[in-house]
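Below: the structure, in structure tokens.
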Amino acid sequence: MVHDEADGSLYEVTPVAAELMAMIADHPGGTADQYAQRLLDQSATATECEQVAALMVALAEQGFIVQGA
């Protein structure tokens, strides 16, 4: 669950999305490749990096993260 402090809304997100949002908050400015490496604790494949990039786009579109911040 993610809590929007602006309006008090709660949103259900996947565990991976929640972990990625926490990572971005703790280490802003990273790339999808860097976050994929951290999520997996190992070398991420090109496909896994693309999946993280797509998730970042989806989270940004929903206003959960600001890309490039």
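How things are named: the first chain in the structure tokens is A, the next is B, and so on; residues count from 1 in each chain; ligands count from 1 in the order shown.
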- Task: For segment 46-52 of chain A, please output as a ChimeraX atom specification all residues within 8 Å (counting only C-alpha atoms; exclusion window: fewer than 5 positions along the same chain).
- Result: /A:32-33,35-36
Writing out the chosen residues with N, CA and C atoms as a PDB file, in the first residue's frame:
ATOM      1  N   ALA A  32      17.236   2.937 -14.644  1.00  0.00           N
ATOM      2  CA  ALA A  32      16.495   1.677 -14.535  1.00  0.00           C
ATOM      3  C   ALA A  32      17.465   0.515 -14.358  1.00  0.00           C
ATOM      4  N   ASP A  33      18.581   0.550 -15.076  1.00  0.00           N
ATOM      5  CA  ASP A  33      19.583  -0.516 -14.951  1.00  0.00           C
ATOM      6  C   ASP A  33      20.127  -0.598 -13.521  1.00  0.00           C
ATOM      7  N   TYR A  35      18.672   0.458 -10.730  1.00  0.00           N
ATOM      8  CA  TYR A  35      17.634  -0.016  -9.818  1.00  0.00           C
ATOM      9  C   TYR A  35      17.379  -1.505 -10.011  1.00  0.00           C
ATOM     10  N   ALA A  36      17.429  -1.987 -11.247  1.00  0.00           N
ATOM     11  CA  ALA A  36      17.242  -3.423 -11.505  1.00  0.00           C
ATOM     12  C   ALA A  36      18.334  -4.229 -10.807  1.00  0.00           C
TER      13      ALA A  36
END
- Backbone-only DSSP, strand (DSSP E or B) members of chain A, as a list in words: Val2, His3, Leu10 and Tyr11 of chain A
Could the residues in this selection be saved with N, CA and C atoms as a compact mmCIF listing (two decimals), in the first residue's frame?
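Contents of result_6.txt, freshly written:
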# COMPACT_ATOMS: atom_id res chain seq x y z
N VAL A 2 0.41 2.22 -0.72
CA VAL A 2 1.09 3.51 -0.76
C VAL A 2 0.09 4.56 -0.29
N HIS A 3 0.53 5.42 0.59
CA HIS A 3 -0.32 6.49 1.12
C HIS A 3 0.05 7.80 0.45
N LEU A 10 -5.17 5.87 -0.41
CA LEU A 10 -4.33 4.67 -0.33
C LEU A 10 -4.39 3.98 -1.68
N TYR A 11 -3.23 3.48 -2.12
CA TYR A 11 -3.14 2.77 -3.39
C TYR A 11 -2.45 1.45 -3.16
As an mmCIF file with C-alpha atoms, in the first residue's frame, please: every residue in chain A that a backbone DSSP assignment puts in helix (DSSP H, G or I).
data_model
loop_
_atom_site.group_PDB
_atom_site.id
_atom_site.type_symbol
_atom_site.label_atom_id
_atom_site.label_comp_id
_atom_site.auth_asym_id
_atom_site.auth_seq_id
_atom_site.Cartn_x
_atom_site.Cartn_y
_atom_site.Cartn_z
ATOM 1 C CA PRO A 15 5.777 -5.528 -3.642
ATOM 2 C CA VAL A 16 8.306 -4.865 -6.433
ATOM 3 C CA ALA A 17 6.765 -1.466 -7.172
ATOM 4 C CA ALA A 18 6.838 -0.573 -3.474
ATOM 5 C CA GLU A 19 10.471 -1.635 -3.193
ATOM 6 C CA LEU A 20 11.373 0.325 -6.326
ATOM 7 C CA MET A 21 9.653 3.461 -5.007
ATOM 8 C CA ALA A 22 11.540 3.143 -1.720
ATOM 9 C CA MET A 23 14.803 2.714 -3.620
ATOM 10 C CA ILE A 24 14.131 5.786 -5.732
ATOM 11 C CA ALA A 25 13.284 7.808 -2.620
ATOM 12 C CA ASP A 26 16.506 6.682 -0.907
ATOM 13 C CA ALA A 32 16.495 1.677 -14.535
ATOM 14 C CA ASP A 33 19.583 -0.516 -14.951
ATOM 15 C CA GLN A 34 20.957 0.559 -11.568
ATOM 16 C CA TYR A 35 17.634 -0.016 -9.818
ATOM 17 C CA ALA A 36 17.242 -3.423 -11.505
ATOM 18 C CA GLN A 37 20.691 -4.438 -10.220
ATOM 19 C CA ARG A 38 19.705 -3.400 -6.685
ATOM 20 C CA LEU A 39 16.304 -5.088 -6.837
ATOM 21 C CA LEU A 40 17.845 -8.382 -7.913
ATOM 22 C CA ALA A 46 18.434 -6.599 -20.559
ATOM 23 C CA THR A 47 14.832 -7.799 -20.279
ATOM 24 C CA GLU A 48 14.772 -7.213 -16.525
ATOM 25 C CA CYS A 49 16.197 -3.717 -17.003
ATOM 26 C CA GLU A 50 13.495 -2.996 -19.604
ATOM 27 C CA GLN A 51 10.831 -4.221 -17.168
ATOM 28 C CA VAL A 52 12.122 -1.906 -14.448
ATOM 29 C CA ALA A 53 12.210 0.980 -16.935
ATOM 30 C CA ALA A 54 8.581 0.251 -17.909
ATOM 31 C CA LEU A 55 7.588 0.115 -14.244
ATOM 32 C CA MET A 56 9.295 3.461 -13.646
ATOM 33 C CA VAL A 57 7.333 4.989 -16.537
ATOM 34 C CA ALA A 58 4.064 3.582 -15.160
ATOM 35 C CA LEU A 59 4.813 4.878 -11.659
ATOM 36 C CA ALA A 60 5.711 8.306 -13.051
ATOM 37 C CA GLU A 61 2.500 8.426 -15.109
#
